[in-house]
Structure formats: structure tokens, C-alpha cells
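So this one's start-v5.pdb, PDB, C-alpha atoms:
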```pdb
ATOM      1  CA  MET T   1     -10.688  14.191   3.763  1.00  0.00           C
ATOM      2  CA  LEU T   2      -7.794  11.816   3.417  1.00  0.00           C
ATOM      3  CA  SER T   3      -8.440  10.270   6.828  1.00  0.00           C
ATOM      4  CA  THR T   4     -12.133   9.749   5.986  1.00  0.00           C
ATOM      5  CA  ALA T   5     -11.189   8.042   2.719  1.00  0.00           C
ATOM      6  CA  LEU T   6      -8.697   5.931   4.633  1.00  0.00           C
ATOM      7  CA  TYR T   7     -11.325   4.797   7.140  1.00  0.00           C
ATOM      8  CA  VAL T   8     -13.754   3.898   4.330  1.00  0.00           C
ATOM      9  CA  ALA T   9     -10.972   2.016   2.549  1.00  0.00           C
ATOM     10  CA  PHE T  10     -10.117   0.146   5.756  1.00  0.00           C
ATOM     11  CA  GLY T  11     -13.743  -0.973   5.929  1.00  0.00           C
ATOM     12  CA  LEU T  12     -13.862  -2.055   2.294  1.00  0.00           C
ATOM     13  CA  VAL T  13     -10.596  -4.022   2.425  1.00  0.00           C
ATOM     14  CA  SER T  14     -11.619  -5.657   5.708  1.00  0.00           C
ATOM     15  CA  ALA T  15     -14.898  -6.737   4.102  1.00  0.00           C
ATOM     16  CA  ALA T  16     -12.881  -8.165   1.204  1.00  0.00           C
ATOM     17  CA  LEU T  17     -10.712 -10.069   3.702  1.00  0.00           C
ATOM     18  CA  LEU T  18     -13.768 -11.529   5.433  1.00  0.00           C
ATOM     19  CA  ILE T  19     -15.301 -12.596   2.109  1.00  0.00           C
ATOM     20  CA  SER T  20     -12.070 -14.305   1.048  1.00  0.00           C
ATOM     21  CA  PHE T  21     -11.895 -16.025   4.420  1.00  0.00           C
ATOM     22  CA  TRP T  22     -15.442 -17.294   3.917  1.00  0.00           C
ATOM     23  CA  ARG T  23     -14.385 -18.780   0.583  1.00  0.00           C
ATOM     24  CA  LEU T  24     -11.346 -20.318   2.275  1.00  0.00           C
ATOM     25  CA  LEU T  25     -13.553 -22.058   4.849  1.00  0.00           C
ATOM     26  CA  ARG T  26     -16.313 -22.950   2.421  1.00  0.00           C
ATOM     27  CA  GLY T  27     -14.485 -23.616  -0.847  1.00  0.00           C
ATOM     28  CA  PRO T  28     -15.786 -26.802  -2.427  1.00  0.00           C
ATOM     29  CA  SER T  29     -12.490 -27.817  -3.978  1.00  0.00           C
ATOM     30  CA  GLN T  30      -8.803 -27.568  -3.145  1.00  0.00           C
ATOM     31  CA  PRO T  31      -7.930 -24.997  -5.855  1.00  0.00           C
ATOM     32  CA  ASP T  32     -10.712 -22.794  -4.487  1.00  0.00           C
ATOM     33  CA  ARG T  33      -9.003 -22.761  -1.126  1.00  0.00           C
ATOM     34  CA  ILE T  34      -5.630 -21.984  -2.690  1.00  0.00           C
ATOM     35  CA  LEU T  35      -7.220 -19.115  -4.601  1.00  0.00           C
ATOM     36  CA  ALA T  36      -8.826 -17.812  -1.408  1.00  0.00           C
ATOM     37  CA  LEU T  37      -5.463 -17.930   0.387  1.00  0.00           C
ATOM     38  CA  ASP T  38      -3.823 -16.051  -2.478  1.00  0.00           C
ATOM     39  CA  THR T  39      -6.555 -13.401  -2.317  1.00  0.00           C
ATOM     40  CA  LEU T  40      -6.076 -13.143   1.443  1.00  0.00           C
ATOM     41  CA  TYR T  41      -2.374 -12.456   0.920  1.00  0.00           C
ATOM     42  CA  VAL T  42      -3.020  -9.742  -1.674  1.00  0.00           C
ATOM     43  CA  ASN T  43      -5.692  -8.162   0.549  1.00  0.00           C
ATOM     44  CA  THR T  44      -3.246  -8.159   3.449  1.00  0.00           C
ATOM     45  CA  VAL T  45      -0.738  -6.295   1.282  1.00  0.00           C
ATOM     46  CA  ALA T  46      -3.459  -3.716   0.526  1.00  0.00           C
ATOM     47  CA  LEU T  47      -4.296  -3.372   4.215  1.00  0.00           C
ATOM     48  CA  LEU T  48      -0.629  -2.906   5.151  1.00  0.00           C
ATOM     49  CA  VAL T  49      -0.194  -0.202   2.502  1.00  0.00           C
ATOM     50  CA  LEU T  50      -3.257   1.592   3.868  1.00  0.00           C
ATOM     51  CA  LEU T  51      -1.884   1.306   7.406  1.00  0.00           C
ATOM     52  CA  GLY T  52       1.427   2.770   6.217  1.00  0.00           C
ATOM     53  CA  ILE T  53      -0.383   5.808   4.777  1.00  0.00           C
ATOM     54  CA  HIS T  54      -2.521   6.143   7.904  1.00  0.00           C
ATOM     55  CA  LEU T  55       0.410   6.069  10.322  1.00  0.00           C
ATOM     56  CA  ARG T  56       2.632   8.055   7.905  1.00  0.00           C
ATOM     57  CA  SER T  57       5.344   5.468   8.331  1.00  0.00           C
ATOM     58  CA  ASN T  58       7.623   3.968   5.712  1.00  0.00           C
ATOM     59  CA  LEU T  59       8.248   0.827   7.731  1.00  0.00           C
ATOM     60  CA  TYR T  60       5.323  -1.188   6.484  1.00  0.00           C
ATOM     61  CA  PHE T  61       6.576  -1.674   2.946  1.00  0.00           C
ATOM     62  CA  GLU T  62       9.078  -4.288   3.945  1.00  0.00           C
ATOM     63  CA  ALA T  63       6.286  -6.220   5.638  1.00  0.00           C
ATOM     64  CA  ALA T  64       4.062  -5.842   2.560  1.00  0.00           C
ATOM     65  CA  LEU T  65       6.835  -7.002   0.242  1.00  0.00           C
ATOM     66  CA  LEU T  66       7.623  -9.988   2.472  1.00  0.00           C
ATOM     67  CA  ILE T  67       3.971 -11.010   2.648  1.00  0.00           C
ATOM     68  CA  ALA T  68       3.644 -10.720  -1.135  1.00  0.00           C
ATOM     69  CA  MET T  69       6.721 -12.904  -1.699  1.00  0.00           C
ATOM     70  CA  ILE T  70       5.754 -15.529   0.883  1.00  0.00           C
ATOM     71  CA  GLY T  71       2.218 -15.593  -0.499  1.00  0.00           C
ATOM     72  CA  PHE T  72       3.476 -16.267  -4.010  1.00  0.00           C
ATOM     73  CA  VAL T  73       5.771 -19.038  -2.796  1.00  0.00           C
ATOM     74  CA  GLY T  74       2.873 -20.565  -0.856  1.00  0.00           C
ATOM     75  CA  THR T  75       0.569 -20.476  -3.876  1.00  0.00           C
ATOM     76  CA  VAL T  76       3.209 -22.078  -6.086  1.00  0.00           C
ATOM     77  CA  ALA T  77       3.996 -24.763  -3.507  1.00  0.00           C
ATOM     78  CA  LEU T  78       0.357 -25.702  -2.926  1.00  0.00           C
ATOM     79  CA  SER T  79      -0.501 -25.803  -6.643  1.00  0.00           C
ATOM     80  CA  LYS T  80       2.632 -27.804  -7.338  1.00  0.00           C
ATOM     81  CA  PHE T  81       1.675 -30.241  -4.610  1.00  0.00           C
ATOM     82  CA  ILE T  82      -1.720 -30.798  -6.193  1.00  0.00           C
ATOM     83  CA  THR T  83      -0.413 -31.229  -9.721  1.00  0.00           C
ATOM     84  CA  ARG T  84       2.676 -33.319  -9.002  1.00  0.00           C
ATOM     85  CA  GLY T  85       2.052 -34.838  -5.574  1.00  0.00           C
ATOM     86  CA  ASP T  86       5.380 -33.441  -4.445  1.00  0.00           C
ATOM     87  CA  ILE T  87       6.857 -29.975  -4.025  1.00  0.00           C
ATOM     88  CA  ILE T  88      10.577 -30.488  -4.534  1.00  0.00           C
ATOM     89  CA  GLU T  89      11.215 -33.372  -6.897  1.00  0.00           C
TER
ATOM     90  CA  MET A   1      -6.067  19.121  -4.675  1.00  0.00           C
ATOM     91  CA  LEU A   2      -3.501  16.457  -3.934  1.00  0.00           C
ATOM     92  CA  GLU A   3      -5.602  15.220  -1.063  1.00  0.00           C
ATOM     93  CA  ILE A   4      -8.638  14.795  -3.328  1.00  0.00           C
ATOM     94  CA  PHE A   5      -6.532  12.884  -5.842  1.00  0.00           C
ATOM     95  CA  LEU A   6      -5.124  10.627  -3.130  1.00  0.00           C
ATOM     96  CA  SER A   7      -8.558   9.986  -1.615  1.00  0.00           C
ATOM     97  CA  LEU A   8      -9.936   9.105  -5.035  1.00  0.00           C
ATOM     98  CA  LEU A   9      -7.100   6.667  -5.728  1.00  0.00           C
ATOM     99  CA  ILE A  10      -7.501   5.045  -2.310  1.00  0.00           C
ATOM    100  CA  LEU A  11     -11.258   4.660  -2.686  1.00  0.00           C
ATOM    101  CA  ILE A  12     -10.918   3.231  -6.213  1.00  0.00           C
ATOM    102  CA  GLY A  13      -8.281   0.783  -5.027  1.00  0.00           C
ATOM    103  CA  ALA A  14     -10.296  -0.387  -2.030  1.00  0.00           C
ATOM    104  CA  GLY A  15     -13.404  -0.697  -4.203  1.00  0.00           C
ATOM    105  CA  PHE A  16     -11.635  -2.869  -6.744  1.00  0.00           C
ATOM    106  CA  THR A  17     -10.243  -5.039  -3.950  1.00  0.00           C
ATOM    107  CA  LEU A  18     -13.759  -5.557  -2.620  1.00  0.00           C
ATOM    108  CA  VAL A  19     -15.088  -6.302  -6.121  1.00  0.00           C
ATOM    109  CA  GLY A  20     -12.420  -8.976  -6.576  1.00  0.00           C
ATOM    110  CA  SER A  21     -13.401 -10.685  -3.355  1.00  0.00           C
ATOM    111  CA  LEU A  22     -17.094 -10.383  -4.208  1.00  0.00           C
ATOM    112  CA  GLY A  23     -16.381 -12.161  -7.470  1.00  0.00           C
ATOM    113  CA  LEU A  24     -14.628 -14.867  -5.489  1.00  0.00           C
ATOM    114  CA  LEU A  25     -17.777 -15.226  -3.421  1.00  0.00           C
ATOM    115  CA  ARG A  26     -20.466 -14.952  -6.083  1.00  0.00           C
ATOM    116  CA  LEU A  27     -19.228 -16.670  -9.252  1.00  0.00           C
ATOM    117  CA  ARG A  28     -20.379 -20.257  -9.669  1.00  0.00           C
ATOM    118  CA  ASP A  29     -17.427 -22.020 -11.191  1.00  0.00           C
ATOM    119  CA  PHE A  30     -13.761 -22.288 -10.235  1.00  0.00           C
ATOM    120  CA  TYR A  31     -12.575 -21.207 -13.666  1.00  0.00           C
ATOM    121  CA  SER A  32     -14.677 -18.040 -13.507  1.00  0.00           C
ATOM    122  CA  ARG A  33     -13.776 -17.485  -9.864  1.00  0.00           C
ATOM    123  CA  LEU A  34     -10.128 -17.494 -10.899  1.00  0.00           C
ATOM    124  CA  HIS A  35     -10.691 -14.293 -12.895  1.00  0.00           C
ATOM    125  CA  ALA A  36     -11.934 -12.036 -10.097  1.00  0.00           C
ATOM    126  CA  PRO A  37      -9.021 -11.985  -7.618  1.00  0.00           C
ATOM    127  CA  THR A  38      -6.247 -12.218 -10.172  1.00  0.00           C
ATOM    128  CA  LYS A  39      -7.461  -9.213 -12.158  1.00  0.00           C
ATOM    129  CA  ALA A  40      -9.638  -6.933 -10.031  1.00  0.00           C
ATOM    130  CA  THR A  41      -7.724  -7.358  -6.780  1.00  0.00           C
ATOM    131  CA  THR A  42      -4.348  -6.883  -8.436  1.00  0.00           C
ATOM    132  CA  LEU A  43      -5.601  -3.690 -10.098  1.00  0.00           C
ATOM    133  CA  GLY A  44      -6.980  -2.435  -6.773  1.00  0.00           C
ATOM    134  CA  VAL A  45      -3.722  -3.054  -4.938  1.00  0.00           C
ATOM    135  CA  GLY A  46      -1.867  -1.346  -7.803  1.00  0.00           C
ATOM    136  CA  SER A  47      -4.048   1.730  -7.366  1.00  0.00           C
ATOM    137  CA  LEU A  48      -3.440   1.749  -3.611  1.00  0.00           C
ATOM    138  CA  LEU A  49       0.305   1.464  -4.178  1.00  0.00           C
ATOM    139  CA  ILE A  50       0.255   4.406  -6.621  1.00  0.00           C
ATOM    140  CA  ALA A  51      -1.571   6.438  -3.960  1.00  0.00           C
ATOM    141  CA  SER A  52       1.042   5.428  -1.409  1.00  0.00           C
ATOM    142  CA  ALA A  53       3.925   6.349  -3.737  1.00  0.00           C
ATOM    143  CA  VAL A  54       2.424   9.799  -4.401  1.00  0.00           C
ATOM    144  CA  PHE A  55       1.768  10.302  -0.690  1.00  0.00           C
ATOM    145  CA  PHE A  56       5.275   9.425   0.467  1.00  0.00           C
ATOM    146  CA  SER A  57       6.902  11.335  -2.404  1.00  0.00           C
ATOM    147  CA  ASN A  58       5.195  14.475  -1.080  1.00  0.00           C
ATOM    148  CA  GLN A  59       6.394  13.982   2.490  1.00  0.00           C
ATOM    149  CA  GLY A  60       9.665  15.751   1.779  1.00  0.00           C
ATOM    150  CA  ASP A  61      11.991  12.768   1.829  1.00  0.00           C
ATOM    151  CA  GLY A  62      12.434  12.683  -1.922  1.00  0.00           C
ATOM    152  CA  LEU A  63      11.006  10.167  -4.359  1.00  0.00           C
ATOM    153  CA  SER A  64       9.594   7.022  -2.760  1.00  0.00           C
ATOM    154  CA  LEU A  65      10.244   3.915  -4.819  1.00  0.00           C
ATOM    155  CA  HIS A  66       9.514   1.042  -2.433  1.00  0.00           C
ATOM    156  CA  GLU A  67       5.990   0.819  -3.840  1.00  0.00           C
ATOM    157  CA  VAL A  68       7.237   0.218  -7.352  1.00  0.00           C
ATOM    158  CA  LEU A  69       8.965  -2.902  -6.069  1.00  0.00           C
ATOM    159  CA  VAL A  70       5.769  -4.272  -4.526  1.00  0.00           C
ATOM    160  CA  THR A  71       3.755  -3.327  -7.623  1.00  0.00           C
ATOM    161  CA  LEU A  72       6.190  -5.001  -9.995  1.00  0.00           C
ATOM    162  CA  PHE A  73       6.321  -8.115  -7.857  1.00  0.00           C
ATOM    163  CA  LEU A  74       2.531  -8.402  -7.584  1.00  0.00           C
ATOM    164  CA  PHE A  75       1.954  -7.734 -11.278  1.00  0.00           C
ATOM    165  CA  ILE A  76       4.503 -10.371 -12.274  1.00  0.00           C
ATOM    166  CA  THR A  77       3.442 -13.065  -9.818  1.00  0.00           C
ATOM    167  CA  ALA A  78      -0.372 -12.794 -10.137  1.00  0.00           C
ATOM    168  CA  PRO A  79      -0.595 -14.325 -13.662  1.00  0.00           C
ATOM    169  CA  VAL A  80       1.965 -16.991 -12.792  1.00  0.00           C
ATOM    170  CA  GLY A  81      -0.002 -17.997  -9.708  1.00  0.00           C
ATOM    171  CA  ALA A  82      -3.268 -18.026 -11.651  1.00  0.00           C
ATOM    172  CA  HIS A  83      -1.705 -20.230 -14.307  1.00  0.00           C
ATOM    173  CA  LEU A  84      -0.479 -22.722 -11.701  1.00  0.00           C
ATOM    174  CA  MET A  85      -3.859 -22.793  -9.959  1.00  0.00           C
ATOM    175  CA  ALA A  86      -5.632 -23.394 -13.263  1.00  0.00           C
ATOM    176  CA  LYS A  87      -3.232 -26.253 -13.957  1.00  0.00           C
ATOM    177  CA  ALA A  88      -3.989 -27.734 -10.535  1.00  0.00           C
ATOM    178  CA  ALA A  89      -7.742 -27.476 -11.198  1.00  0.00           C
ATOM    179  CA  LEU A  90      -7.329 -29.133 -14.593  1.00  0.00           C
ATOM    180  CA  HIS A  91      -5.289 -31.873 -12.989  1.00  0.00           C
ATOM    181  CA  LEU A  92      -8.098 -32.529 -10.504  1.00  0.00           C
ATOM    182  CA  ARG A  93     -10.555 -32.535 -13.450  1.00  0.00           C
ATOM    183  CA  LEU A  94     -12.857 -29.902 -11.967  1.00  0.00           C
ATOM    184  CA  GLN A  95     -16.011 -29.466 -14.012  1.00  0.00           C
ATOM    185  CA  SER A  96     -16.520 -26.194 -15.823  1.00  0.00           C
ATOM    186  CA  LEU A  97     -20.020 -24.847 -16.383  1.00  0.00           C
ATOM    187  CA  ALA A  98     -19.182 -24.002 -19.985  1.00  0.00           C
ATOM    188  CA  ARG A  99     -19.479 -27.054 -22.202  1.00  0.00           C
ATOM    189  CA  PRO A 100     -16.363 -28.276 -23.976  1.00  0.00           C
ATOM    190  CA  PRO A 101     -16.501 -28.229 -27.792  1.00  0.00           C
ATOM    191  CA  THR A 102     -17.996 -31.333 -29.367  1.00  0.00           C
ATOM    192  CA  GLU A 103     -16.412 -33.492 -32.056  1.00  0.00           C
ATOM    193  CA  ASP A 104     -18.433 -31.879 -34.882  1.00  0.00           C
ATOM    194  CA  MET A 105     -17.359 -28.388 -33.897  1.00  0.00           C
ATOM    195  CA  LEU A 106     -13.709 -29.449 -33.775  1.00  0.00           C
ATOM    196  CA  GLU A 107     -13.829 -31.233 -37.132  1.00  0.00           C
ATOM    197  CA  GLY A 108     -15.861 -28.534 -38.863  1.00  0.00           C
ATOM    198  CA  GLY A 109     -13.518 -25.878 -37.580  1.00  0.00           C
ATOM    199  CA  ASP A 110     -16.496 -23.666 -36.793  1.00  0.00           C
ATOM    200  CA  CYS A 111     -16.448 -22.997 -33.073  1.00  0.00           C
ATOM    201  CA  SER A 112     -18.947 -20.140 -33.200  1.00  0.00           C
ATOM    202  CA  GLY A 113     -21.850 -22.107 -34.647  1.00  0.00           C
ATOM    203  CA  PRO A 114     -25.436 -21.562 -33.532  1.00  0.00           C
ATOM    204  CA  ASP A 115     -25.483 -24.746 -31.438  1.00  0.00           C
ATOM    205  CA  ALA A 116     -22.349 -23.689 -29.542  1.00  0.00           C
ATOM    206  CA  SER A 117     -23.598 -20.367 -28.224  1.00  0.00           C
ATOM    207  CA  GLY A 118     -27.063 -21.439 -27.156  1.00  0.00           C
ATOM    208  CA  SER A 119     -26.511 -24.561 -25.121  1.00  0.00           C
ATOM    209  CA  ALA A 120     -23.620 -23.410 -22.973  1.00  0.00           C
ATOM    210  CA  MET A 121     -25.513 -20.613 -21.290  1.00  0.00           C
ATOM    211  CA  THR A 122     -28.681 -22.528 -20.403  1.00  0.00           C
ATOM    212  CA  ASP A 123     -27.053 -24.742 -17.782  1.00  0.00           C
ATOM    213  CA  ASP A 124     -28.095 -22.701 -14.767  1.00  0.00           C
ATOM    214  CA  SER A 125     -28.225 -25.362 -12.085  1.00  0.00           C
ATOM    215  CA  GLU A 126     -27.090 -24.160  -8.684  1.00  0.00           C
ATOM    216  CA  SER A 127     -25.122 -27.287  -7.876  1.00  0.00           C
ATOM    217  CA  ASP A 128     -21.425 -26.953  -7.198  1.00  0.00           C
ATOM    218  CA  PRO A 129     -19.389 -28.040 -10.187  1.00  0.00           C
ATOM    219  CA  ALA A 130     -16.801 -29.722  -8.007  1.00  0.00           C
ATOM    220  CA  GLY A 131     -19.307 -31.767  -6.076  1.00  0.00           C
ATOM    221  CA  LYS A 132     -20.210 -33.969  -9.016  1.00  0.00           C
TER
END
```

Show me, as C-alpha cells, the structure contained in the file I just sent.
Amino acid sequence: MLSTALYVAFGLVSAALLISFWRLLRGPSQPDRILALDTLYVNTVALLVLLGIHLRSNLYFEAALLIAMIGFVGTVALSKFITRGDIIE
Amino acid sequence: MLEIFLSLLILIGAGFTLVGSLGLLRLRDFYSRLHAPTKATTLGVGSLLIASAVFFSNQGDGLSLHEVLVTLFLFITAPVGAHLMAKAALHLRLQSLARPPTEDMLEGGDCSGPDASGSAMTDDSESDPAGK
């Protein structure tokens, strides 16, 4: 039962990743693309957590935490670049 | 019993993640698109992380608290990121589909007048707000 739910969840999160990627390619404005990238990062964290449950391994949390942190820094840097024209003033 | 609970949490989490991305795809305005991933997706990932914490706590290695770290980090950074993205969009002067309040509404102090609610919802053109 758990493995079936995991496979369904893999499908759903992968569909979410593809949709966010479509918005990243398509996005009419720059903030749309930043938002799509941020969503991609959060979806990747979800996928890594699912993979950790599936493989019954504790190793993937470090990767998920790192991706979450780097994603936040990337979002902040890109938004800052749009608002101020510079990242580190 | 535990397996049913875990499966339910995982399916709810994955569903909310998909709903967040669908909102990113379907909504017609950047300011409404900002809502979907920052709320629904964060909630979905939170549900998945709860499932993971319960799963690894029942593996026999004691309480698993890595997930709490990820959850805390995501729940703190999602509103901050959304705020910065909204500021960037305002800086670029992206058009919103909802009309801004007019001078009369601001001076009268009555923002919920009959003319405010009717006109904002009728603008159903399919054109991209940023393309103007």
C-alpha cells in the first residue's frame, strides 16, 4: 500500500515539476520565471523526501536541506537583482 | 494502520504540490500566480515531511528530527521569498488584473462601494498583463 502511494506521489510531483518548468520556459515576465524556479526548488525537495522514504535511506535529507537553502538564496538574489540592479551593494 | 496513515499523508502532500503548480500554470496574473506555489506547495511539502518524520521514527532508530529542520526552513523562507518577488514585480510595474482604487474611493474612505466590486471582475480579456 505504501509503495503504491509512493508511486502515485512520484507521478504527481513529477507532473508538478513539468508544469513549473513549462512556466519557467513560457513565463511572460521576469518575476514569473523567478517564481517558477522557486517552485521547481520546492518540488525537488518534495521529490527527494519521497525518494528517501522509497529507498528507506536517511541520506537524502541533507540534499533536500541544501537544495532548499540554495533555492532560497537564489530567489533572494534574483529578486534583489531586479529591484536594485545589483546583488551585493 | 500506520501504513494507511502514511499513504494518506503522502497522497495529500503530493496532491497539494500538484495543485500549487497547476495554479502557477492556470492563473492569469502574476500577483495571483504568486499565491499558488507559496501556499499550496509549501503545505504539500510540509505534509510530505510529516509523513517522512513518522516513517523514519518508526524504523527503530529513535526519533527522526531532520525533517523538522527542512520544514522550519521552508516555512520561514517561503513568505520572505514571496515578499521579495512581489517587490520585484512592483518595481517592474507589472499590471494587475484587479483595478487599483480610484481617487473617489480613497477620499471617501469607502473601499467596498458598489462601483468597486462590479468593475474589477468584468475585465476578462485573455491578454497577458505583462505584455502591455

Could you write out as a PyMOL selection string the residues that the ChimeraX specification (/A :<9) & /T matches in the shown file?
chain T and resi 1-6+8-20+22-23+28-32+34-36+38-39+42-43+45-46+49-50+52-53+56-58+61-62+64-65+68-69+72+75-76+78-84

Please compute the atom CA of Arg26 of chain T-atom CA of Leu27 of chain A distance, one decimal, in Å.
13.6 Å

How many Å lie between atom CA of Ser32 of chain A and atom CA of Leu40 of chain T, rounded to one decimal?
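Interatomic distance, atom CA of Ser32 of chain A to atom CA of Leu40 of chain T: 17.9 Å.
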
One-decimal distance in Å that lies between atom CA of Phe75 of chain A and atom CA of Lys39 of chain A:
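Taking atom CA of Lys39 of chain A and atom CA of Phe75 of chain A, their separation equals 9.6 Å.
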
Please identify all polymer residues within 7 Å of Leu37 of chain T, counting only C-alpha atoms, omitting same-chain residues fewer than 4 positions from it, and present them as a compact mmCIF listing (two decimals) with C-alpha atoms, keeping the file's coordinate frame.
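As written to disk, part06.txt reads:
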```txt
# COMPACT_ATOMS: atom_id res chain seq x y z
CA LEU T 24 -11.35 -20.32 2.28
CA ARG T 33 -9.00 -22.76 -1.13
CA TYR T 41 -2.37 -12.46 0.92
```

Edge lengths and centre, in Å to one decimal, as AutoDock Vina command-line options: that's what I need for the box along x, y and z that holds all listed atoms of segment 17-22 of chain T plus 6 Å on each side.
```
--center_x -13.1 --center_y -13.7 --center_z 3.2 --size_x 16.7 --size_y 19.2 --size_z 16.4
```
